[in-house]
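Asker: This structure is in structure tokens; I'll ask about it shortly.
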Amino acid sequence: TERESAMAARKRASSDATTTAEATKLPSAAASDPQIAPSKAGRILRYSLIFLFPYLYLIFYHYSIESELKKWILINAAISFAGFFLTLAMIPVASRYVLKRNLFGYDINKKGTPQGSIKVPESLGIVVGIVFLVLTILFQYFHFTADSNWLVEYNAALASICFMILLGFVDDVLDIPWRVKLLLPSIAALPLLMAYAGHTTILIPKPLVPYLGLEILDLGWVYKLYMGLLAVFCTNSINIHAGLNGLEVGQTVVIASAILIHNVMQIGASTDPEHKQAHAFSVYLTQPLLATSLALLSYNWYPSSVFVGDTYTYFAGMTMAVVGILGHFSETLLLFFIPQVLNFLLSLPQLSGYIPCPRHRLPRWAPIYSSGLFDPRTGLLTGTNDGTVVNLFLRQFGRMSEKSLCILLLVFQVVNHTYSLFFLKAAGGGLMHVWNAIPGILLGNAINFERVIVDLLRIDSALGCCFCFLLRWFLTGWYK
Amino acid sequence: REERGRERESAMAARKRASSDATTTAEATTLPSAAAADPQIAPSKAGRILRYSLIFLVPYLYLIFYHYSIESELKKWILINAAISFAGFFLTLAMIPVALRYVLKRNLFGYDINKKGTPQGSIKVPESLGIVVGIVFLVLTILFQYFHFTADSNWLVVYNAALASICFMILLGFVDDVLDIPWRVKLLLPSIAALPLLMAYAGHTTILIPKPLVPYVGLEILDLGWVYKLYMGLLAVFCTNSINIHAGLNGLEVSQTVVIASAILIHNVMQIGASTNPEHKQAHAFSVYLTQPLLATSLGLLSYNWYPSSVFVGDTYTYFAGMTMAVVGILGHFSETLLLFFIPQVLNFLLSLPQLSGYIPCPRHRLPRWAPIYSSGLFDPQTGLLTGTNDGTVVNLFLRQFGRMSEKSLCILLLVFQVMNHTCSLFSLKAAGFVYGTFEIHCPGLKL
């Protein structure tokens with residue numbers, strides 16, 4: 001969304017009345033601040049039941065998880081639930097201060113309509129970030145453990161996420177140039193890299209062993225480099241897969257839900273305590289992320305009352321990178337990020353400058369040449385030739401409203417997750433074991449390696465075919 | 001709410017998406033300084049600052065190398081940390097001119113009200129440059145972990161918790177600078193930021209009753225338990241806010257931090273050298289690892305903030321500095337000594353209490369400045385002197401006691417007062433023995 005911040009002189013007397021928002025009235029439970037629309041918390045909570053039911057079913061019935069672990073997961077869930085309401089309460093308060101300091105933007109996907117002239121407060125990700133930090137810090141008090149290794153990782157994770165929120169907010173306020181922005185997540189990931197005491201080995205798939213001559217490869221510092229790059233990737237990929245009301249938060253909510261289901265599946269199905277511990281660790285950080293993000297989504301979903309800013313996308317990306325790294329399922333995380341990877345690959349030509357890159361690569365008003373068009377009468381968006389998944393979907397599926405497009409993208413994300421989780425289950429969790437496990441555990445589980453690899457190859461080629469098809473269509477579109 | 005000597009009238013202009021407009025040029029007083037001059041602010045006073053810091057550095061290095069025999073491994077780590085901090089000084093020095101361009105572009109500035117009526121009173125001075133110090137400090141301290149190889153995961157927990165606390169405080173301080181949080185909430189922020197520390201603190205929560213009081217109390221050792229943690233949280237609130245209100249003159253906040261940090265370092269080295277208890281040395285070494293970067297980055301900031309200020313530091317800096325010192329005091333187990341070092345700030349806090357609590361009417365600014373004849377505060381543009389008001393601050397107290405003086409002289413006088421306090425404190429620690437009996441429980445074997 002376009003940030004045209006027109007600043008007015010700030011009086012030191014009590015604040016002036018800002019423009020009143022044209023609120024769409026919703027039968028929602030949350031308190032409404034006179035300056036922003038009521039939250040859609042009721043609807044959000046109802047939709048989140050879609051996730052909550054299977055999740056709780058998995059925890060309580062399907063798997064038998066030992067009571068202590070279950071207790072901690074539930075305590076964490078309770079804290080997160082409280083965090084949902086805290087965030088919900090804080091956002092209207094923060095919006096007032098944010099607007100007072102003229103940190104706002106105009107919704108360019110509504111240009112030409114009355115809603116296009118409302119000042120929408122920006123950077124509300126700061127509320128989510130601070131509440132998240134408070135929740136995760138307090139959870140330490142409940143999670144009694146003598147394991148100082150766990151405490152080191154937990155505190156390093158907190159330090160990394162906190163640093164990322166700080167850098168994200170500094171970016172929102174000071175507008176850091178993009179080359180520096182690329183570097184920020186790797187600086188913020190430093191505490192994590194310093195504290196990471198896990199495996200830096202990967203297992204070579206059996207078919208490749210004769211060629212490499214090794215079964216296990218210790219990557220050492222290269223693995224740490226990979227971790228740093230993963231942080232950069234997760235944060236920035238969410239940042240660029242954006243532009244529609246509620247897309248950034250929506251995708252984070254979907255990915256976080258998938259992470260939680262994956263974690264619970266691993267905890268339930270595994271017999272290795274270290275493995276369970278790692279996935280439990282991920283749960284302890286992802287549940288608060290999910291809860292606070294749902295609260296933000298209550299205000300950010302179409303039509304957005306608040307914008308989230310880089311603060312949120314950096315915070316969310318970093319949290320997910322952290323749980324992926326410390327939970328030892330970073331490759332699975334990348335599977336969940338496939339739509340973001342796709343978006344990144346589509347964006348590469350423009351971002352690298354190989355193809356001219358316009359200031360905004362969103363569907364919007366534009367000269368006839370790029371044929372991007374927002375029609376205020378019909379309220380539909382048309383895709384431009386820019387290389388983003390948003391535009392790709394518009395080109396493929398035709399003009400559609402902003403809300404429908406966002407829902408479609410989220411459905412695509414869910415489909416990807418379902419597919420990934422199913423694939424993982426069908427492979428007997430072999431993928432994760434292949435890449436992360438200590439050799440002893442792997443041998444103990446008697447997984448049929450050949451079958452796993454063959455499945456991998458089949459699915460890889462299917463994906464590859466899809467990608468080639470897309471690529472061909474995509475290139476023809478440009479060169480036509 | 002206390003402002004620190006500057007009226008913030010931020011006039012906002014529309015932000016063009018094209019390249020930035022030229023901001024107002026500062027009237028720079030040129031100084032024979034080494035640092036590169038940004039066309040928009042005066043050259044840094046880094047040369048002078050470095051020269052003055054030798055006053056501290058020489059005795060400090062003497063203590064480390066000659067006076068005490070510290071084991072080589074510890075000495076090595078202290079020196080590595082010192083080298084990293086030294087690099088941090090130059091990094092901060094380089095980043096401040098860059099950052100202030102962005103800060104000015106976003107209209108985060110203030111006017112120096114102690115120069116109202118002069119040409120310098122109309123320069124837009126960039127605010128919140130504490131964010132640069134904070135970020136450089138975090139990078140330095142994070143990287144130091146790489147050099148400090150240790151199998152002691154307890155040390156790592158405590159170190160990471162300290163980093164998380166300080167980082168959270170910088171975040172909250174910057175949010176406050178940008179969003180202008182009401183002061184009642186501001187009081188609460190440091191206790192929230194101190195939470196990681198409280199969770200990770202695994203040290204003693206006992207205090208030793210001073211010998212003369214033992215017959216009355218009936219105990220020699222008192223385990224405070226959670227009350228001690230409450231004390232730690234309150235200490236964090238106190239340190240941050242007390243630096244925040246002992247302000248208002250160019251360079252006062254940063255220089256008081258520099259002076260206190262120097263005192264902390266000397267105390268740490270004295271304890272490391274004189275003690276035989278390894279845990280005790282470890283605790284003080286821990287304090288050194290966080291205080292050296294604080295000192296170095298603050299000196300970098302002081303090069304631009306000293307009179308006349310080219311940049312203002314914002315709540316970001318005072319909260320960050322206060323929290324860092326509270327953290328090292330708590331984790332180094334010398335919080336009572338830290339309070340001794342904070343006596344000028346305690347005095348300021350006590351003087352301020354009547355006004356802050358509302359018992360006596362509290363004006364918007366409690367600084368020496370233009371005011372109606374009733375409060376007799378006056379800035380005279382011809383002679384450039386400040387006159388004290390009847391407000392309850394150490395700044396005004398000194399002006400009332402010692403008469404009108406220039407801003408720079410007053411600031412130096414206040415710093416001399418701070419140094420005198422430190423010297424007395426350190427001397428009294430050496431001579432007094434069991435006045436603070438806590439030393440015995442925290443460091444058995446300490447030779448006083």
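Chain labels run A, B, ... following the order of the structure tokens; each chain numbers its residues from 1, and ligands are numbered from 1 in the order shown.
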Name all residues at most 12 Å from Ser69 (chain B) (count only C-alpha atoms; drop same-chain ones fewer than 4 positions away) and give them as a list of chain:residue names.

Answerer: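 Using only C-alpha atoms, the neighbours found are B:Tyr62, B:Leu63, B:Ile64, B:Phe65, B:Glu73, B:Leu74, B:Lys75, B:Val269, B:Met270, B:Gln271, B:Ile272, B:Gly273, B:Ala274, B:Ser275, B:Thr276.
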
Asker: Each residue of chain B with at least one atom at most 9 Å from chain A should appear once, together with its nearest atom pair and the corresponding distance in Å (one decimal); atoms considered: only C-alpha atoms; ordering: chain, then increasing residue number; output as a tab-separated table.

Answerer:
residue	atom	partner	partner_atom	distance
B:Arg8	CA	A:Arg12	CA	8.3
B:Glu9	CA	A:Arg10	CA	6.9
B:Ser10	CA	A:Arg10	CA	6.2
B:Ala11	CA	A:Ala9	CA	4.6
B:Met12	CA	A:Met7	CA	4.7
B:Ala13	CA	A:Met7	CA	5.5
B:Ala14	CA	A:Ala6	CA	4.7
B:Arg15	CA	A:Ser5	CA	6.3
B:Lys16	CA	A:Glu4	CA	8.2
B:Arg17	CA	A:Glu4	CA	8.1
B:Ala99	CA	A:Leu174	CA	8.6
B:Tyr102	CA	A:Leu174	CA	5.6
B:Val103	CA	A:Leu174	CA	6.1
B:Lys105	CA	A:Leu174	CA	7.8
B:Arg106	CA	A:Leu174	CA	6.2
B:Ile131	CA	A:Val170	CA	8.4
B:Ile135	CA	A:Leu167	CA	8.5
B:Leu138	CA	A:Phe163	CA	8.4
B:Val139	CA	A:Ile187	CA	7.4
B:Ile142	CA	A:Pro191	CA	6.0
B:Leu143	CA	A:Leu190	CA	7.7
B:Gln145	CA	A:Met194	CA	6.9
B:Tyr146	CA	A:Met194	CA	6.5
B:Ser153	CA	A:Ser148	CA	6.0
B:Asn154	CA	A:Ser148	CA	6.2
B:Trp155	CA	A:Val152	CA	9.0
B:Leu156	CA	A:Val152	CA	6.0
B:Val157	CA	A:Val152	CA	4.5
B:Val158	CA	A:Val152	CA	8.1
B:Tyr159	CA	A:Val152	CA	8.8
B:Asn160	CA	A:Asn155	CA	5.5
B:Ala161	CA	A:Asn155	CA	5.6
B:Ala162	CA	A:Ala159	CA	9.0
B:Leu163	CA	A:Ala159	CA	6.3
B:Ala164	CA	A:Ala159	CA	4.3
B:Ser165	CA	A:Ala159	CA	8.0
B:Cys167	CA	A:Phe163	CA	6.2
B:Phe168	CA	A:Cys162	CA	6.2
B:Ile170	CA	A:Leu166	CA	7.7
B:Leu171	CA	A:Leu166	CA	5.2
B:Leu172	CA	A:Ile130	CA	8.5
B:Phe174	CA	A:Val170	CA	8.1
B:Val175	CA	A:Phe169	CA	8.1
B:Val178	CA	A:Arg101	CA	7.2
B:Leu179	CA	A:Tyr97	CA	5.6
B:Asp180	CA	A:Tyr97	CA	7.4
B:Ile181	CA	A:Tyr97	CA	7.8
B:Ile192	CA	A:Val134	CA	7.3
B:Ala193	CA	A:Val134	CA	8.6
B:Leu195	CA	A:Ile137	CA	6.7
B:Pro196	CA	A:Ile137	CA	5.9
B:Met199	CA	A:Tyr141	CA	6.4
B:Ala200	CA	A:Leu151	CA	8.2

Asker: What residues in region 228-411 of chain B get the DSSP label strand (DSSP E)? Please answer as a PyMOL selection string.

Answerer: chain B and resi 379-380+385-386

Asker: Taking 6 positions as the minimum chain separation for residues in the same chain, which residues sit within 12 Å of Gln251 (chain A) when counting only C-alpha atoms? Answer as JSON, numbers by chain.

Answerer: {"A": [237, 238, 239, 240, 241, 242, 244, 245, 257, 258, 290, 293, 294, 297, 301, 313, 316, 317, 320, 336, 337, 338, 339, 340, 406, 407, 408, 409, 410, 411, 412, 413, 414, 416, 417]}

Asker: Give me a file of those residues, with N, CA and C atoms, as a short mmCIF file (atom, residue, chain, number, x, y, z; two decimals), in the first residue's frame.

Answerer:
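Just written: again-v4.cif:
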data_model
loop_
_atom_site.label_atom_id
_atom_site.label_comp_id
_atom_site.auth_asym_id
_atom_site.auth_seq_id
_atom_site.Cartn_x
_atom_site.Cartn_y
_atom_site.Cartn_z
N SER A 237 10.42 -12.58 2.33
CA SER A 237 9.45 -13.20 1.43
C SER A 237 8.03 -12.88 1.86
N ILE A 238 7.79 -12.81 3.17
CA ILE A 238 6.46 -12.40 3.61
C ILE A 238 6.24 -10.94 3.25
N ASN A 239 7.30 -10.16 3.36
CA ASN A 239 7.21 -8.73 3.08
C ASN A 239 6.80 -8.44 1.64
N ILE A 240 7.32 -9.25 0.69
CA ILE A 240 6.99 -8.95 -0.70
C ILE A 240 5.70 -9.65 -1.17
N HIS A 241 5.25 -10.67 -0.43
CA HIS A 241 3.99 -11.31 -0.80
C HIS A 241 2.90 -10.57 -0.05
N ALA A 242 2.63 -9.36 -0.49
CA ALA A 242 1.75 -8.47 0.27
C ALA A 242 1.03 -7.54 -0.69
N LEU A 244 -2.38 -6.69 -0.38
CA LEU A 244 -3.84 -6.73 -0.26
C LEU A 244 -4.16 -6.66 1.22
N ASN A 245 -5.35 -6.12 1.52
CA ASN A 245 -5.77 -6.03 2.92
C ASN A 245 -5.73 -7.42 3.56
N SER A 257 -0.51 -21.99 11.76
CA SER A 257 -1.38 -23.12 12.05
C SER A 257 -0.77 -24.41 11.53
N ALA A 258 -0.23 -24.34 10.32
CA ALA A 258 0.39 -25.54 9.75
C ALA A 258 1.59 -25.98 10.58
N LEU A 290 0.50 -17.06 16.78
CA LEU A 290 -0.80 -17.26 16.16
C LEU A 290 -1.87 -16.41 16.85
N SER A 293 -1.42 -12.68 16.26
CA SER A 293 -1.69 -12.37 14.86
C SER A 293 -3.18 -12.40 14.57
N LEU A 294 -3.90 -13.33 15.20
CA LEU A 294 -5.35 -13.37 14.99
C LEU A 294 -5.99 -12.08 15.47
N LEU A 297 -5.33 -9.54 12.96
CA LEU A 297 -6.14 -9.81 11.78
C LEU A 297 -7.57 -9.29 11.98
N TRP A 301 -8.08 -7.44 8.63
CA TRP A 301 -8.76 -8.12 7.53
C TRP A 301 -9.59 -7.13 6.74
N THR A 313 5.78 -7.84 9.45
CA THR A 313 6.26 -8.88 8.55
C THR A 313 7.65 -9.36 8.97
N ALA A 316 7.11 -11.54 12.18
CA ALA A 316 6.51 -12.84 11.88
C ALA A 316 7.51 -13.74 11.17
N GLY A 317 8.20 -13.19 10.16
CA GLY A 317 9.17 -13.99 9.43
C GLY A 317 10.28 -14.49 10.33
N MET A 320 9.09 -17.29 12.70
CA MET A 320 8.96 -18.60 12.04
C MET A 320 10.32 -19.17 11.67
N PHE A 336 6.45 -25.26 3.69
CA PHE A 336 5.28 -24.44 4.00
C PHE A 336 5.37 -23.08 3.33
N PHE A 337 6.59 -22.68 3.01
CA PHE A 337 6.78 -21.37 2.42
C PHE A 337 6.74 -21.41 0.89
N ILE A 338 6.28 -22.52 0.32
CA ILE A 338 6.34 -22.63 -1.15
C ILE A 338 5.66 -21.48 -1.87
N PRO A 339 4.46 -21.04 -1.44
CA PRO A 339 3.90 -19.88 -2.16
C PRO A 339 4.82 -18.67 -2.08
N GLN A 340 5.47 -18.48 -0.93
CA GLN A 340 6.39 -17.35 -0.79
C GLN A 340 7.63 -17.55 -1.65
N CYS A 406 -7.64 -12.20 -1.89
CA CYS A 406 -6.90 -12.53 -0.68
C CYS A 406 -7.31 -13.91 -0.18
N ILE A 407 -8.62 -14.17 -0.19
CA ILE A 407 -9.10 -15.48 0.26
C ILE A 407 -8.54 -16.58 -0.64
N LEU A 408 -8.53 -16.31 -1.96
CA LEU A 408 -8.01 -17.30 -2.89
C LEU A 408 -6.54 -17.60 -2.60
N LEU A 409 -5.76 -16.56 -2.33
CA LEU A 409 -4.35 -16.76 -2.03
C LEU A 409 -4.16 -17.55 -0.75
N LEU A 410 -5.03 -17.30 0.22
CA LEU A 410 -4.91 -18.04 1.47
C LEU A 410 -5.31 -19.50 1.27
N VAL A 411 -6.31 -19.72 0.42
CA VAL A 411 -6.70 -21.10 0.11
C VAL A 411 -5.53 -21.82 -0.55
N PHE A 412 -4.87 -21.13 -1.46
CA PHE A 412 -3.69 -21.70 -2.11
C PHE A 412 -2.64 -22.07 -1.08
N GLN A 413 -2.47 -21.18 -0.07
CA GLN A 413 -1.51 -21.46 1.00
C GLN A 413 -1.93 -22.70 1.77
N VAL A 414 -3.24 -22.79 2.08
CA VAL A 414 -3.72 -23.94 2.85
C VAL A 414 -3.54 -25.23 2.05
N ASN A 416 -1.32 -25.82 -0.13
CA ASN A 416 0.09 -26.16 -0.07
C ASN A 416 0.44 -26.86 1.23
N HIS A 417 -0.12 -26.34 2.33
CA HIS A 417 0.20 -26.93 3.63
C HIS A 417 -0.37 -28.33 3.74
#

Asker: Nearest to Tyr63 (chain A): which of A:Cys234, A:Met400, A:Val264, A:Leu334 is it, counting only C-alpha atoms?

Answerer: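 Among the listed residues, A:Val264 lies closest to Tyr63 (chain A).
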
Asker: Any chance you could list, as a PyMOL selection string, the residues in region 196-399 of chain B that come up alpha helix (DSSP H) when DSSP is run on the backbone?

Answerer: chain B and resi 196-200+214-217+226-245+252-274+278-305+314-331+335-341+343-356+394-399

Asker: Which residues, written as a list in words, have at least one atom at most 7 Å from region 248-253 of chain B, with only C-alpha atoms counted and residues fewer than 3 positions away on the same chain left out?

Answerer: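 The residues satisfying every condition are Arg4, Gly5, Ile243, Gln256, Thr257, Leu302, Asn305, Trp306, Tyr307, Pro308, Ser309, Thr318, Leu367, Glu407 and Cys411 of chain B.
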
Asker: With distances taken over only C-alpha atoms, which of B:Tyr66, B:Phe144, B:Tyr319, B:Phe342 is nearest to Leu290 (chain B)?

Answerer: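 When distances to Leu290 (chain B) are compared using only C-alpha atoms, the smallest one comes from B:Phe144.
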
Asker: Using only C-alpha atoms for the distances, tell me which of B:Leu219, B:Ile245, B:Ile330, B:Leu339 is nearest to Tyr201 (chain B).

Answerer: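 Using only C-alpha atoms, the shortest distance to Tyr201 (chain B) belongs to B:Ile330.
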
Asker: Using Å and a single decimal, report how far CA of Phe398 (chain B) sits from CA of Ile260 (chain B).

Answerer: 19.7 Å
